[in-house]
Amino acid sequence: MKKLIPYTFIALLFFTGTVYASQKPDPKGTEFEKKAAALLKKQILAEAAWAMQQKPITVTASSSARSAGGKHDFFSEADYFWPDPQNPNGPYINRDGLTNPDNFLDHRKAMVRFSKIIGALASAYKITGDEKYVRVAVKHFQAWFINAETLMNPNLLFAQAVKGKFTGRNYGIIDTIHLMEVAQGAYVMQKAKAFDPNTARGVKKWFADYTLWLNTSKPGIQEKTVKNNHATCWAMQVASFAKLCGDENMLDSLRNRYKTILLPSQMETDGSFPLEMARTKPYGYSIFNLDAMTMLCQILSSPKDNLWNFETADGKSIKKGINYLYPFIADKSKWTLKPDVMYWNNWPVAQPFLLFGAVEFNQSSWYQTWAKLDHQPQVEEVIRNLPIRNPLIWL
């Protein structure tokens with residue numbers, strides 16, 4: 001006769017989130033989550049120690065004479081536009097895949113730094129429970145989103161400008177992918193006593209305002225409807241911001257968008273991304289777009305609507321995408337196209353799709369490859385295209 005498990009024990013398991021299914025291995029890859037936490041712990045605590053010493057630096061700390069915006073407006077310049085040799089003082093011209101080193105980068109660097117700080121503090125808080133990390137994070141949240149003297153306006157009207165052509169472009173919206181871990185950090189820390197309610201409300205209001213701008217402004221709508229990774233990244237950002245704000249209608253619309261537009265229109269039936277493969281940096285862009293689609297599945301999946309298991313009528317799915325690209329991550333020499341025109345030697349790093357895919361589909365080879373890759377890339381271009389650098393806060 002089987003022993004009956006007391007109701008209180010069942011309730012305890014339920015409310016602590018622990019599931020014991022007849023001692024069977026957890027199909028959701030808890031083993032890999034634990035391994036990842038153990039692997040990253042030393043790095044997380046070291047990065048958090050650095051973050052604890054940092055003072056807030058927002059967009060108001062620097063400016064460019066080429067910006068058409070004001071003190072509180074984020075400004076950046078389009079990466080692949082250069083002075084015209086035939087007309088040095090005229091409008092810039094496009095050189096796809098080749099980054100202009102003379103662009104104004106201060107605001108972009110400040111935002112990446114902000115993301116690093118909050119990501120590190122939130123990760124350390126998650127694994128230690130120590131609210132000292134939250135207290136420091138609150139100062140940065142207040143500086144960026146609440147304090148009148150230093151806050152950033154919740155729009156991207158002046159991002160990826162092109163001298164002589166555009167004061168800002170919809171493509172610049174991709175720059176705020178680095179606010180995703182800021183939003184997720186706030187989500188992870190929001191119940192801490194050190195996260196005062198006024199700051200929490202202010203942060204959520206900022207992200208709600210920005211989400212509204214992304215959905216209603218001309219640049220936001222343009223970016224939403226681009227055919228390639230820009231549309232994926234638009235949706236990925238909005239998903240993370242809507243999650244923090246508890247905007248269920250927006251989350252539902254994004255689930256539908258993933259299933260009916262993003263996955264069907266961007267993925268080929270073999271799992272590749274033809275629009276990324278046609279670029280001058282097909283390897284890096286394929287990785288980038290797969291990471292973004294993977295994060296959509298990670299953020300948006302619910303018990304009622306699991307995007308990880310979604311498949312189109314012609315067989316496209318996130319698993320097929322990972323299966324297609326994985327061999328080229330495990331062994332880059334197998335890549336069948338020309339090397340990327342820039343940063344070919346800097347990819348891959350510890351790509352998020354490997355870890356989250358491993359956890360979801362219980363794939364040890366994906367996890368092992370992720371574990372061996374670089375978890376602390378230093379090349380700016382790699383960091384710029386790797387918005388998820390603190391995976392534990394998303395698990």
# chains A, B, ... in the order shown; residues from 1 in each chain; ligands from 1
>>> select_by_dssp(residues="range 141-342 of chain A", states="helix (DSSP H, G or I)", output="PyMOL selection string")
chain A and resi 141-145+170-189+197-216+218-224+229-245+248-266+274-277+282-300+307-309+318-330+332-334
>>> residues_around(residues="His140 in chain A", least_positions_apart="5", cutoff="12 Å", atoms="only C-alpha atoms", output="VMD selection string")
chain A and resid 51 to 58 110 to 111 113 to 119 121 133 to 135 145 to 147 150 to 152 182 185 to 186 195 199 203
>>> closest_atom_pairs(of="range 65-130 of chain A", to="range 154-174 of chain A", cutoff="12 Å", atoms="only C-alpha atoms", output="Markdown table")
| residue | atom | partner | partner_atom | distance |
| --- | --- | --- | --- | --- |
| A:Ala65 | CA | A:Lys163 | CA | 11.2 |
| A:Arg66 | CA | A:Lys163 | CA | 7.5 |
| A:Ser67 | CA | A:Phe158 | CA | 7.0 |
| A:Ala68 | CA | A:Thr167 | CA | 6.0 |
| A:Gly69 | CA | A:Phe158 | CA | 6.3 |
| A:Gly70 | CA | A:Phe158 | CA | 9.5 |
| A:Lys71 | CA | A:Phe158 | CA | 11.6 |
| A:His72 | CA | A:Pro154 | CA | 9.3 |
| A:Asp73 | CA | A:Phe158 | CA | 7.1 |
| A:Phe74 | CA | A:Leu156 | CA | 6.3 |
| A:Phe75 | CA | A:Ala159 | CA | 4.9 |
| A:Ser76 | CA | A:Ala159 | CA | 4.6 |
| A:Glu77 | CA | A:Gln160 | CA | 3.9 |
| A:Ala78 | CA | A:Gln160 | CA | 4.1 |
| A:Asp79 | CA | A:Gln160 | CA | 7.3 |
| A:Tyr80 | CA | A:Val162 | CA | 9.5 |
| A:Phe81 | CA | A:Val162 | CA | 6.9 |
| A:Trp82 | CA | A:Lys163 | CA | 8.8 |
| A:Pro83 | CA | A:Lys163 | CA | 8.6 |
| A:Asp84 | CA | A:Lys163 | CA | 10.7 |
| A:Asn87 | CA | A:Gly164 | CA | 11.4 |
| A:Pro88 | CA | A:Lys163 | CA | 11.2 |
| A:Asn89 | CA | A:Gly164 | CA | 9.0 |
| A:Gly90 | CA | A:Gly164 | CA | 6.5 |
| A:Pro91 | CA | A:Gly164 | CA | 4.1 |
| A:Tyr92 | CA | A:Lys163 | CA | 5.7 |
| A:Ile93 | CA | A:Val162 | CA | 8.6 |
| A:Asn94 | CA | A:Val162 | CA | 9.5 |
| A:Asn100 | CA | A:Val162 | CA | 11.4 |
| A:Asn103 | CA | A:Gln160 | CA | 9.6 |
| A:Phe104 | CA | A:Gln160 | CA | 9.7 |
| A:Leu105 | CA | A:Gln160 | CA | 10.2 |
| A:His107 | CA | A:Ala159 | CA | 9.7 |
| A:Arg108 | CA | A:Ala159 | CA | 9.4 |
>>> closest_residue(among="A:Asp305, A:Asp106, A:Asp196, A:Glu181", to="Lys139 in chain A", atoms="only C-alpha atoms")
A:Asp196
>>> closest_residue(among="A:Met189, A:Asn323, A:Ala124, A:Asp291", to="Gln43 in chain A", atoms="only C-alpha atoms")
A:Ala124
>>> residues_around(residues="Leu354 in chain A", least_positions_apart="4", cutoff="7 Å", atoms="only C-alpha atoms", output="PyMOL selection string")
chain A and resi 358+366-367+370
>>> residues_around(residues="Val238 in chain A", least_positions_apart="6", cutoff="9 Å", atoms="only C-alpha atoms", output="ChimeraX atom specification")
/A:180,210-211,214-215,250-251,254
>>> write_last_selection(atoms="N, CA and C atoms", output="PDB file, in the first residue's frame")
ATOM      1  N   MET A 180      16.080  46.008 -21.681  1.00  0.00           N
ATOM      2  CA  MET A 180      15.346  44.786 -21.328  1.00  0.00           C
ATOM      3  C   MET A 180      15.780  44.240 -19.973  1.00  0.00           C
ATOM      4  N   TYR A 210       6.872  54.470 -22.532  1.00  0.00           N
ATOM      5  CA  TYR A 210       7.727  54.100 -23.666  1.00  0.00           C
ATOM      6  C   TYR A 210       7.051  53.034 -24.539  1.00  0.00           C
ATOM      7  N   THR A 211       6.388  52.080 -23.901  1.00  0.00           N
ATOM      8  CA  THR A 211       5.651  51.048 -24.641  1.00  0.00           C
ATOM      9  C   THR A 211       4.554  51.673 -25.491  1.00  0.00           C
ATOM     10  N   LEU A 214       6.206  53.219 -28.458  1.00  0.00           N
ATOM     11  CA  LEU A 214       6.629  52.185 -29.408  1.00  0.00           C
ATOM     12  C   LEU A 214       5.468  51.669 -30.251  1.00  0.00           C
ATOM     13  N   ASN A 215       4.265  51.746 -29.702  1.00  0.00           N
ATOM     14  CA  ASN A 215       3.090  51.211 -30.391  1.00  0.00           C
ATOM     15  C   ASN A 215       2.284  52.242 -31.163  1.00  0.00           C
ATOM     16  N   MET A 250      -1.218  43.504 -24.072  1.00  0.00           N
ATOM     17  CA  MET A 250      -0.041  43.649 -24.937  1.00  0.00           C
ATOM     18  C   MET A 250       0.689  42.311 -25.081  1.00  0.00           C
ATOM     19  N   LEU A 251       0.821  41.593 -23.984  1.00  0.00           N
ATOM     20  CA  LEU A 251       1.490  40.291 -24.037  1.00  0.00           C
ATOM     21  C   LEU A 251       0.738  39.326 -24.947  1.00  0.00           C
ATOM     22  N   LEU A 254       1.386  40.168 -28.553  1.00  0.00           N
ATOM     23  CA  LEU A 254       2.733  39.780 -28.974  1.00  0.00           C
ATOM     24  C   LEU A 254       2.837  38.273 -29.208  1.00  0.00           C
TER      25      LEU A 254
END
>>> atom_distance(atom1="CA of Val382 in chain A", atom2="CA of Gln363 in chain A")
25.2 Å
>>> select_by_dssp(residues="range 142-351 of chain A", states="strand (DSSP E or B)", output="list in words")
Phe158, Ala159, Gln160, Ala161, Val162, Phe166, Ser302 and Asp305 of chain A
>>> residues_around(residues="range 336-353 of chain A", least_positions_apart="3", cutoff="6 Å", atoms="only C-alpha atoms", output="number ranges by chain")
A: 280-281, 291, 294, 356-357, 370, 373-375
>>> atom_distance(atom1="CA of Ala313 in chain A", atom2="CA of Tyr258 in chain A")
14.0 Å
